[in-house]
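Trainee: So I've got this file, run_39.tsv, and it contains TSV, C-alpha atoms:
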chain	number	residue	atom	x	y	z
K	1	MET	CA	-82.54	-86.82	4.07
K	2	VAL	CA	-79.59	-84.83	5.43
K	3	ALA	CA	-76.85	-86.42	7.53
K	4	GLY	CA	-76.55	-85.97	11.26
K	5	HIS	CA	-75.02	-87.23	14.48
K	6	LEU	CA	-75.09	-86.71	18.22
K	7	ARG	CA	-72.46	-85.05	20.34
K	8	ILE	CA	-72.24	-84.36	24.05
K	9	GLN	CA	-71.82	-80.82	25.32
K	10	ASN	CA	-71.94	-79.96	29.03
K	11	GLY	CA	-73.61	-83.30	29.73
K	12	ILE	CA	-76.44	-82.65	27.23
K	13	TYR	CA	-77.00	-84.38	23.87
K	14	GLN	CA	-76.61	-82.03	20.92
K	15	MET	CA	-77.93	-82.82	17.42
K	16	ILE	CA	-75.51	-81.92	14.62
K	17	ILE	CA	-77.02	-81.68	11.14
K	18	SER	CA	-74.67	-81.55	8.14
K	19	TYR	CA	-75.89	-80.34	4.75
K	20	VAL	CA	-74.84	-78.54	1.58
K	21	ASP	CA	-76.30	-75.05	1.17
K	22	ALA	CA	-77.61	-73.42	-2.00
K	23	ASP	CA	-74.07	-72.24	-2.85
K	24	GLY	CA	-72.76	-75.81	-2.71
K	25	LYS	CA	-70.87	-75.18	0.53
K	26	PRO	CA	-70.91	-77.78	3.36
K	27	LYS	CA	-72.59	-76.49	6.51
K	28	LEU	CA	-73.24	-77.68	10.08
K	29	LYS	CA	-76.21	-76.76	12.27
K	30	SER	CA	-76.41	-77.71	15.95
K	31	LYS	CA	-79.51	-78.00	18.12
K	32	SER	CA	-79.84	-79.10	21.72
K	33	THR	CA	-82.09	-82.03	22.62
K	34	GLY	CA	-82.38	-80.78	26.17
K	35	LEU	CA	-81.73	-84.36	27.30
K	36	LYS	CA	-79.08	-85.31	29.80
K	37	VAL	CA	-76.71	-88.04	28.67
K	38	ARG	CA	-77.52	-90.68	31.26
K	39	GLY	CA	-80.36	-92.97	30.16
K	40	ASN	CA	-81.47	-90.81	27.23
K	41	LYS	CA	-79.43	-92.00	24.25
K	42	LYS	CA	-82.35	-93.85	22.61
K	43	ARG	CA	-84.66	-90.82	22.92
K	44	ALA	CA	-81.89	-88.52	21.66
K	45	LEU	CA	-81.41	-90.73	18.57
K	46	GLU	CA	-85.13	-90.64	17.90
K	47	MET	CA	-85.10	-86.84	18.08
K	48	LEU	CA	-82.12	-86.75	15.74
K	49	GLU	CA	-83.91	-88.90	13.15
K	50	GLU	CA	-86.98	-86.69	13.35
K	51	GLU	CA	-84.83	-83.58	12.95
K	52	ARG	CA	-83.13	-85.08	9.91
K	53	ARG	CA	-86.46	-85.98	8.28
K	54	ASN	CA	-87.97	-82.53	8.80
K	55	PHE	CA	-84.86	-80.44	8.17
K	56	VAL	CA	-85.22	-77.86	5.41
K	57	ILE	CA	-82.03	-76.48	3.94
K	58	PRO	CA	-82.13	-72.73	4.63
K	59	VAL	CA	-82.09	-70.28	1.76
K	60	LYS	CA	-80.73	-66.81	2.42
K	61	GLU	CA	-83.65	-64.42	2.86
K	62	GLN	CA	-81.95	-61.78	0.73
K	63	VAL	CA	-81.60	-64.29	-2.08
K	64	ARG	CA	-85.26	-65.26	-1.87
K	65	ASP	CA	-86.24	-61.58	-1.96
K	66	VAL	CA	-83.88	-60.50	-4.74
K	67	ILE	CA	-83.92	-63.35	-7.26
K	68	THR	CA	-87.11	-63.78	-9.27
K	69	LEU	CA	-87.93	-65.24	-12.66
K	70	ASP	CA	-89.21	-61.83	-13.78
K	71	MET	CA	-85.89	-60.06	-13.38
K	72	LEU	CA	-83.65	-59.53	-16.40
K	73	TYR	CA	-81.24	-62.39	-16.93
K	74	THR	CA	-78.31	-59.95	-16.89
K	75	ASP	CA	-79.40	-58.59	-13.50
K	76	PHE	CA	-79.66	-62.13	-12.20
K	77	LEU	CA	-76.16	-62.94	-13.51
K	78	LYS	CA	-74.68	-60.00	-11.58
K	79	THR	CA	-76.54	-61.03	-8.41
K	80	TRP	CA	-75.51	-64.67	-8.80
K	81	LEU	CA	-71.91	-63.60	-9.29
K	82	GLU	CA	-71.85	-61.76	-5.97
K	83	ILE	CA	-73.46	-64.75	-4.23
K	84	LYS	CA	-70.75	-67.02	-5.64
K	85	LYS	CA	-67.98	-64.65	-4.61
K	86	ASP	CA	-67.52	-66.05	-1.09
K	87	SER	CA	-67.44	-69.68	-2.18
K	88	ILE	CA	-64.87	-69.55	-5.00
K	89	ALA	CA	-61.22	-68.57	-5.28
K	90	VAL	CA	-60.53	-64.91	-6.03
K	91	THR	CA	-58.86	-65.92	-9.31
K	92	THR	CA	-62.01	-67.79	-10.35
K	93	TYR	CA	-64.20	-64.87	-9.29
K	94	ALA	CA	-62.11	-62.43	-11.33
K	95	SER	CA	-62.41	-64.68	-14.38
K	96	TYR	CA	-66.17	-65.09	-13.93
K	97	LYS	CA	-66.68	-61.36	-13.46
K	98	ARG	CA	-64.73	-60.52	-16.60
K	99	ILE	CA	-66.78	-62.98	-18.66
K	100	VAL	CA	-70.11	-61.86	-17.20
K	101	LEU	CA	-69.53	-58.12	-17.58
K	102	ASP	CA	-67.53	-58.09	-20.82
K	103	ASN	CA	-69.16	-60.93	-22.74
K	104	LEU	CA	-72.49	-62.19	-21.43
K	105	CYS	CA	-74.12	-58.96	-20.32
K	106	PRO	CA	-73.49	-56.93	-23.51
K	107	TYR	CA	-75.17	-59.64	-25.57
K	108	PHE	CA	-78.16	-60.44	-23.36
K	109	GLU	CA	-78.82	-56.83	-22.30
K	110	LYS	CA	-79.68	-55.95	-25.91
K	111	ARG	CA	-82.28	-58.70	-25.96
K	112	LYS	CA	-83.95	-57.68	-22.66
K	113	LEU	CA	-84.60	-61.31	-21.77
K	114	LYS	CA	-86.10	-62.09	-18.38
K	115	VAL	CA	-84.86	-65.15	-16.52
K	116	ARG	CA	-88.05	-67.10	-17.28
K	117	ASP	CA	-87.76	-66.29	-21.01
K	118	VAL	CA	-84.24	-67.60	-21.63
K	119	LYS	CA	-84.63	-70.70	-23.78
K	120	PRO	CA	-82.05	-73.17	-25.16
K	121	ALA	CA	-82.40	-71.45	-28.55
K	122	ASP	CA	-81.34	-68.12	-27.03
K	123	ILE	CA	-78.25	-69.66	-25.47
K	124	GLN	CA	-77.46	-71.54	-28.68
K	125	ALA	CA	-77.73	-68.33	-30.69
K	126	TYR	CA	-75.24	-66.68	-28.33
K	127	TYR	CA	-72.73	-69.51	-28.77
K	128	ASN	CA	-73.18	-69.47	-32.56
K	129	THR	CA	-72.43	-65.75	-32.56
K	130	LYS	CA	-69.39	-65.92	-30.28
K	131	VAL	CA	-67.73	-68.87	-32.03
K	132	LYS	CA	-67.19	-66.60	-35.03
K	133	SER	CA	-64.71	-64.50	-33.06
K	134	VAL	CA	-63.33	-66.73	-30.28
K	135	LYS	CA	-62.17	-70.32	-29.91
K	136	GLY	CA	-64.50	-73.15	-29.02
K	137	SER	CA	-62.68	-73.57	-25.70
K	138	THR	CA	-63.50	-69.95	-24.83
K	139	VAL	CA	-67.18	-70.51	-25.63
K	140	LYS	CA	-67.05	-73.49	-23.28
K	141	HIS	CA	-65.95	-71.15	-20.48
K	142	TYR	CA	-68.99	-68.96	-21.22
K	143	HIS	CA	-71.18	-72.07	-21.19
K	144	ASN	CA	-69.87	-73.15	-17.78
K	145	ILE	CA	-71.02	-69.86	-16.27
K	146	ILE	CA	-74.43	-69.87	-17.96
K	147	HIS	CA	-75.00	-73.50	-16.97
K	148	SER	CA	-73.91	-72.85	-13.39
K	149	SER	CA	-76.20	-69.82	-13.09
K	150	PHE	CA	-79.28	-71.83	-14.10
K	151	LYS	CA	-78.19	-74.71	-11.90
K	152	TYR	CA	-78.31	-72.29	-8.99
K	153	LEU	CA	-81.91	-71.40	-9.89
K	154	MET	CA	-82.74	-75.11	-9.78
K	155	ARG	CA	-81.28	-75.32	-6.27
K	156	LEU	CA	-83.63	-72.53	-5.26
K	157	ASP	CA	-86.54	-74.49	-6.80
K	158	LEU	CA	-87.29	-71.58	-9.13
K	159	ILE	CA	-86.92	-73.69	-12.29
K	160	GLN	CA	-87.27	-77.41	-12.92
K	161	SER	CA	-84.73	-77.89	-15.73
K	162	ASN	CA	-81.58	-76.24	-17.00
K	163	PRO	CA	-81.93	-74.72	-20.50
K	164	ALA	CA	-78.15	-74.86	-20.94
K	165	ASP	CA	-78.38	-78.67	-20.88
K	166	ARG	CA	-80.01	-78.64	-24.32
K	167	VAL	CA	-77.47	-76.79	-26.42
K	168	ILE	CA	-74.70	-77.99	-28.73
K	169	LEU	CA	-71.23	-76.76	-27.82
K	170	PRO	CA	-68.70	-75.94	-30.54
K	171	LYS	CA	-65.77	-78.26	-31.11
K	172	CYS	CA	-62.71	-77.43	-29.02
K	173	GLU	CA	-59.41	-77.59	-30.86
K	174	LYS	CA	-56.81	-79.37	-28.78
K	175	TYR	CA	-53.87	-77.13	-27.92
K	176	ILE	CA	-50.54	-78.52	-29.04
K	177	GLY	CA	-47.71	-76.56	-27.48
K	178	GLU	CA	-44.25	-75.97	-28.84
K	179	PHE	CA	-41.40	-77.57	-26.92
K	180	TYR	CA	-37.63	-77.30	-26.83
K	181	THR	CA	-35.08	-79.94	-27.69
K	182	GLU	CA	-32.07	-80.56	-25.47
K	183	ASP	CA	-30.00	-78.25	-27.68
K	184	ASP	CA	-32.68	-75.55	-27.42
K	185	LEU	CA	-32.68	-75.82	-23.64
K	186	ASN	CA	-28.90	-75.56	-23.45
K	187	LYS	CA	-29.08	-72.43	-25.59
K	188	LEU	CA	-31.84	-71.04	-23.36
K	189	PHE	CA	-29.74	-71.62	-20.26
K	190	GLU	CA	-26.79	-69.90	-21.93
K	191	ILE	CA	-28.63	-66.76	-23.07
K	192	SER	CA	-30.42	-66.41	-19.73
K	193	LYS	CA	-27.47	-67.02	-17.39
K	194	ASP	CA	-27.10	-63.31	-16.58
K	195	HIS	CA	-30.83	-62.55	-16.70
K	196	PRO	CA	-32.79	-61.86	-13.47
K	197	LEU	CA	-35.03	-64.82	-14.35
K	198	ALA	CA	-32.13	-67.25	-14.83
K	199	LEU	CA	-32.81	-69.44	-11.79
K	200	ILE	CA	-36.58	-69.31	-12.29
K	201	ILE	CA	-36.11	-70.52	-15.88
K	202	GLN	CA	-33.83	-73.36	-14.75
K	203	PHE	CA	-36.28	-74.56	-12.09
K	204	THR	CA	-39.23	-74.41	-14.47
K	205	ALA	CA	-37.36	-76.24	-17.24
K	206	CYS	CA	-36.05	-78.99	-14.95
K	207	TYR	CA	-39.25	-79.63	-12.96
K	208	GLY	CA	-42.03	-78.53	-15.29
K	209	PHE	CA	-43.36	-76.12	-12.67
K	210	ARG	CA	-46.28	-73.84	-13.45
K	211	ARG	CA	-45.47	-70.16	-13.24
K	212	GLU	CA	-47.45	-69.70	-10.02
K	213	GLU	CA	-45.76	-72.72	-8.45
K	214	VAL	CA	-42.18	-71.61	-9.04
K	215	LEU	CA	-42.95	-68.08	-7.80
K	216	GLY	CA	-44.60	-69.56	-4.71
K	217	LEU	CA	-41.51	-71.50	-3.62
K	218	LYS	CA	-40.37	-70.61	-0.12
K	219	TRP	CA	-37.08	-71.44	1.56
K	220	SER	CA	-39.05	-73.68	3.90
K	221	ALA	CA	-39.96	-75.81	0.88
K	222	ILE	CA	-36.33	-76.76	0.42
K	223	ASP	CA	-34.81	-79.48	2.60
K	224	PHE	CA	-31.10	-79.21	1.86
K	225	ASP	CA	-30.25	-82.20	4.08
K	226	ALA	CA	-32.82	-84.58	2.61
K	227	GLU	CA	-32.32	-82.92	-0.79
K	228	THR	CA	-36.02	-82.50	-1.53
K	229	ILE	CA	-38.26	-79.69	-2.72
K	230	SER	CA	-41.97	-79.43	-1.85
K	231	VAL	CA	-44.62	-77.72	-3.97
K	232	LYS	CA	-47.69	-76.53	-2.05
K	233	HIS	CA	-47.82	-72.74	-2.32
K	234	ILE	CA	-48.67	-70.47	-5.25
K	235	VAL	CA	-48.33	-66.85	-6.26
K	236	THR	CA	-50.51	-65.53	-9.06
K	237	GLU	CA	-52.23	-62.29	-9.96
K	238	VAL	CA	-55.69	-61.24	-11.05
K	239	HIS	CA	-57.16	-58.21	-12.80
K	240	LEU	CA	-60.16	-57.14	-10.75
K	241	ASP	CA	-62.10	-53.89	-10.75
K	242	GLY	CA	-59.47	-52.18	-12.91
K	243	LYS	CA	-56.58	-53.18	-10.68
K	244	THR	CA	-53.97	-55.92	-10.79
K	245	GLN	CA	-53.42	-57.63	-7.45
K	246	LEU	CA	-51.22	-60.46	-6.24
K	247	VAL	CA	-52.91	-63.58	-4.92
K	248	ILE	CA	-50.78	-65.62	-2.51
K	249	GLU	CA	-52.23	-68.90	-1.31
K	250	ASP	CA	-51.22	-72.10	0.46
K	251	ARG	CA	-52.57	-74.37	-2.23
K	252	ALA	CA	-51.77	-75.81	-5.64
K	253	LYS	CA	-53.96	-76.13	-8.72
K	254	THR	CA	-54.95	-79.73	-7.95
K	255	LYS	CA	-54.27	-82.26	-5.19
K	256	SER	CA	-51.74	-83.96	-7.47
K	257	SER	CA	-49.95	-80.60	-7.75
K	258	ILE	CA	-49.00	-80.82	-4.06
K	259	ARG	CA	-45.87	-82.93	-4.31
K	260	THR	CA	-42.34	-83.49	-3.04
K	261	LEU	CA	-39.52	-83.89	-5.55
K	262	PRO	CA	-35.80	-84.69	-5.36
K	263	LEU	CA	-33.55	-81.63	-5.32
K	264	ILE	CA	-31.25	-81.69	-8.36
K	265	ALA	CA	-27.62	-81.35	-7.33
K	266	ASP	CA	-26.79	-78.44	-9.68
K	267	LEU	CA	-29.88	-76.55	-8.60
K	268	LYS	CA	-29.04	-77.14	-4.95
K	269	GLU	CA	-25.70	-75.44	-5.53
K	270	HIS	CA	-27.36	-72.52	-7.33
K	271	LEU	CA	-29.90	-72.16	-4.51
K	272	LEU	CA	-27.21	-71.96	-1.84
K	273	LYS	CA	-25.44	-69.23	-3.80
K	274	HIS	CA	-28.75	-67.44	-4.33
K	275	LYS	CA	-29.46	-67.56	-0.60
K	276	GLU	CA	-26.10	-66.00	0.19
K	277	GLN	CA	-26.72	-63.28	-2.41
K	278	GLN	CA	-30.01	-62.43	-0.73
K	279	LYS	CA	-28.16	-61.89	2.54
K	280	VAL	CA	-25.74	-59.56	0.75
K	281	ASN	CA	-28.63	-57.66	-0.88
K	282	LYS	CA	-30.26	-57.11	2.52
K	283	GLN	CA	-27.04	-55.66	3.90
K	284	LEU	CA	-26.41	-53.43	0.87
K	285	CYS	CA	-29.97	-52.10	0.62
K	286	GLY	CA	-30.49	-51.55	4.32
K	287	SER	CA	-33.84	-49.91	5.09
K	288	SER	CA	-34.70	-49.86	1.37
K	289	TYR	CA	-34.96	-53.66	1.30
K	290	ASN	CA	-38.48	-55.12	1.34
K	291	HIS	CA	-38.60	-57.75	4.13
K	292	LYS	CA	-42.24	-58.63	3.49
K	293	TYR	CA	-41.19	-61.54	1.27
K	294	ASP	CA	-38.16	-62.79	3.18
K	295	GLU	CA	-39.49	-66.36	3.19
K	296	TYR	CA	-39.67	-66.51	-0.61
K	297	ILE	CA	-36.89	-67.73	-2.86
K	298	PHE	CA	-37.55	-65.65	-5.95
K	299	VAL	CA	-37.37	-61.96	-5.10
K	300	ASP	CA	-35.44	-59.18	-6.82
K	301	ALA	CA	-32.41	-57.36	-5.43
K	302	LEU	CA	-34.67	-55.11	-3.34
K	303	GLY	CA	-36.65	-58.01	-1.89
K	304	ASN	CA	-39.74	-57.53	-4.03
K	305	LEU	CA	-41.56	-60.68	-5.08
K	306	TYR	CA	-41.39	-61.32	-8.81
K	307	ARG	CA	-44.83	-60.79	-10.34
K	308	PRO	CA	-46.27	-63.41	-12.71
K	309	GLY	CA	-46.74	-60.82	-15.45
K	310	TYR	CA	-43.09	-59.80	-15.24
K	311	VAL	CA	-41.99	-63.43	-15.62
K	312	THR	CA	-44.17	-64.01	-18.67
K	313	GLY	CA	-43.17	-60.73	-20.31
K	314	GLY	CA	-39.48	-61.05	-19.44
K	315	PHE	CA	-39.33	-64.59	-20.80
K	316	ARG	CA	-41.08	-63.60	-24.03
K	317	ASN	CA	-38.73	-60.67	-24.58
K	318	LEU	CA	-35.68	-62.84	-23.88
K	319	LEU	CA	-36.70	-65.34	-26.58
K	320	LYS	CA	-37.46	-62.57	-29.06
K	321	LYS	CA	-34.14	-60.83	-28.44
K	322	HIS	CA	-32.18	-64.00	-29.22
K	323	ASN	CA	-34.43	-65.17	-32.09
K	324	MET	CA	-35.54	-68.32	-30.31
K	325	THR	CA	-38.82	-70.10	-31.06
K	326	HIS	CA	-41.57	-68.71	-28.85
K	327	ILE	CA	-42.96	-71.19	-26.31
K	328	ARG	CA	-45.24	-70.66	-23.33
K	329	PHE	CA	-43.37	-70.19	-20.07
K	330	HIS	CA	-44.90	-73.35	-18.60
Go through the file and emit its structure as structure tokens.
Mentor:
Amino acid sequence: MVAGHLRIQNGIYQMIISYVDADGKPKLKSKSTGLKVRGNKKRALEMLEEERRNFVIPVKEQVRDVITLDMLYTDFLKTWLEIKKDSIAVTTYASYKRIVLDNLCPYFEKRKLKVRDVKPADIQAYYNTKVKSVKGSTVKHYHNIIHSSFKYLMRLDLIQSNPADRVILPKCEKYIGEFYTEDDLNKLFEISKDHPLALIIQFTACYGFRREEVLGLKWSAIDFDAETISVKHIVTEVHLDGKTQLVIEDRAKTKSSIRTLPLIADLKEHLLKHKEQQKVNKQLCGSSYNHKYDEYIFVDALGNLYRPGYVTGGFRNLLKKHNMTHIRFH
């Protein structure tokens, strides 16, 4: 039975029903009891309980009309993807779309399988084929989408069990990243001191920031008096529909990613100098300066926000130029 409570609006009891829709999103639905507040609380509670018992979670009519077990699984995947679009981050949607269109559809389209005909053996065969050319961790990403798509069909009461539950996933090799010693870091700081990414590299090395976290730092995140730095904003980019676009959001990857850290003394000094240089750049560039990103710390001399791809590529080229061991930026 769904949850619910009463509220008072204009002197009348309102029933508020809370539920999770077929997309997994929390929803609220309100309905008037028609009862005035005075002397009617018991009756209003009875009506609420009845409403909760009889409430049927609504399914979008267009979904009910479009999705059937007789449609091709690839057509269903594309429909499911568009349904999911509004309930997931744009970065997640871009990743899902790339996997669906570039990996899942080419394979399943050749087999002309309808939704009702997709069996665990068909999914297993797909994984067995893909693991020959990609890592087990990549196959797991494919599995997450396939499993989620059939889980959605279960929510619509179109199927009773998920065929993706009965497959064997390939072993995922644990990634072991390269890391720098103290001497390596000192060398990195030396070779990058005149590079546009110098301060970004220093912040990332000292705090272990992710690329999107360091690029998302705003001046408001720095408290020079309390000597703290807050991480709660990200800048990343996605490749969607043939275009690369920036994604700027007030969030971090996980709740634990939202944190406040002490501001290192040396970095505080570098930040103050960097802030003054930005003022000089604005004066020198005049109308050519891009003020759209004034609140951000890491912009180029013309005020343009550094793109994630530029940071990754610039860092890789810097290491290659100076014959340093390649490591991931974060």
Trainee: Using all atoms of range 308-322 of chain K listed in the file and a margin of 6 Å per side, can you give the axis-aligned box centre and edge lengths in Å to one decimal, as AutoDock Vina command-line options?
Mentor:
--center_x -39.5 --center_y -62.6 --center_z -21.0 --size_x 26.6 --size_y 17.5 --size_z 28.5
Trainee: I'd like the interatomic distance between CA of Phe189 in chain K and CA of Gln202 in chain K, to a tenth of an Å.
Mentor: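 Those two atoms sit 7.1 Å apart.
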Trainee: Find the residues around Lys112 in chain K up to 12 Å (only C-alpha atoms counted), leave out those fewer than 6 positions away in its own chain, and share them as a PyMOL selection string.
Mentor: chain K and resi 70-75+105-106+118+122
Trainee: Given all atoms listed in the file as the basis, pick out the residue of K:Asn103, K:Gln278, K:Thr236, K:Ser149 nearest to Gly309 in chain K.
Mentor: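 Among the listed residues, K:Thr236 lies closest to Gly309 in chain K.
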Trainee: Counting all atoms listed in the file, which residue out of K:Lys135, K:Phe150, K:Leu199, K:Asn162 sits closest to Leu271 in chain K?
Mentor: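 Closest residue, counting all atoms listed in the file: K:Leu199.
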Trainee: Go through K:Ala198, K:Val66, K:Leu153, K:Val20 one by one, measure the shortest atom-to-atom distance of each to Gly314 in chain K using all atoms listed in the file, and give the residue with the smallest value.
Mentor: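 Going through K:Ala198, K:Val66, K:Leu153, K:Val20 one by one, the smallest distance to Gly314 in chain K is for K:Ala198.
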Trainee: Determine, counting all atoms listed in the file, which protein, DNA and RNA residues have an atom within 9 Å of an atom of range 81-85 of chain K; residues of the same chain fewer than 4 positions away are not included. Present the result as a list of chain:residue names.
Mentor: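 The neighbour list is K:Asp23, K:Val63, K:Phe76, K:Leu77, K:Ala89, K:Val90, K:Thr92, K:Tyr93, K:Tyr96, K:Lys97, K:Val100, K:Ser149.
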Trainee: Using all atoms listed in the file, which residue out of K:Gly208, K:Gly216, K:Pro262, K:Pro163 lies closest to His233 in chain K?
Mentor: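 Going through K:Gly208, K:Gly216, K:Pro262, K:Pro163 one by one, the smallest distance to His233 in chain K is for K:Gly216.
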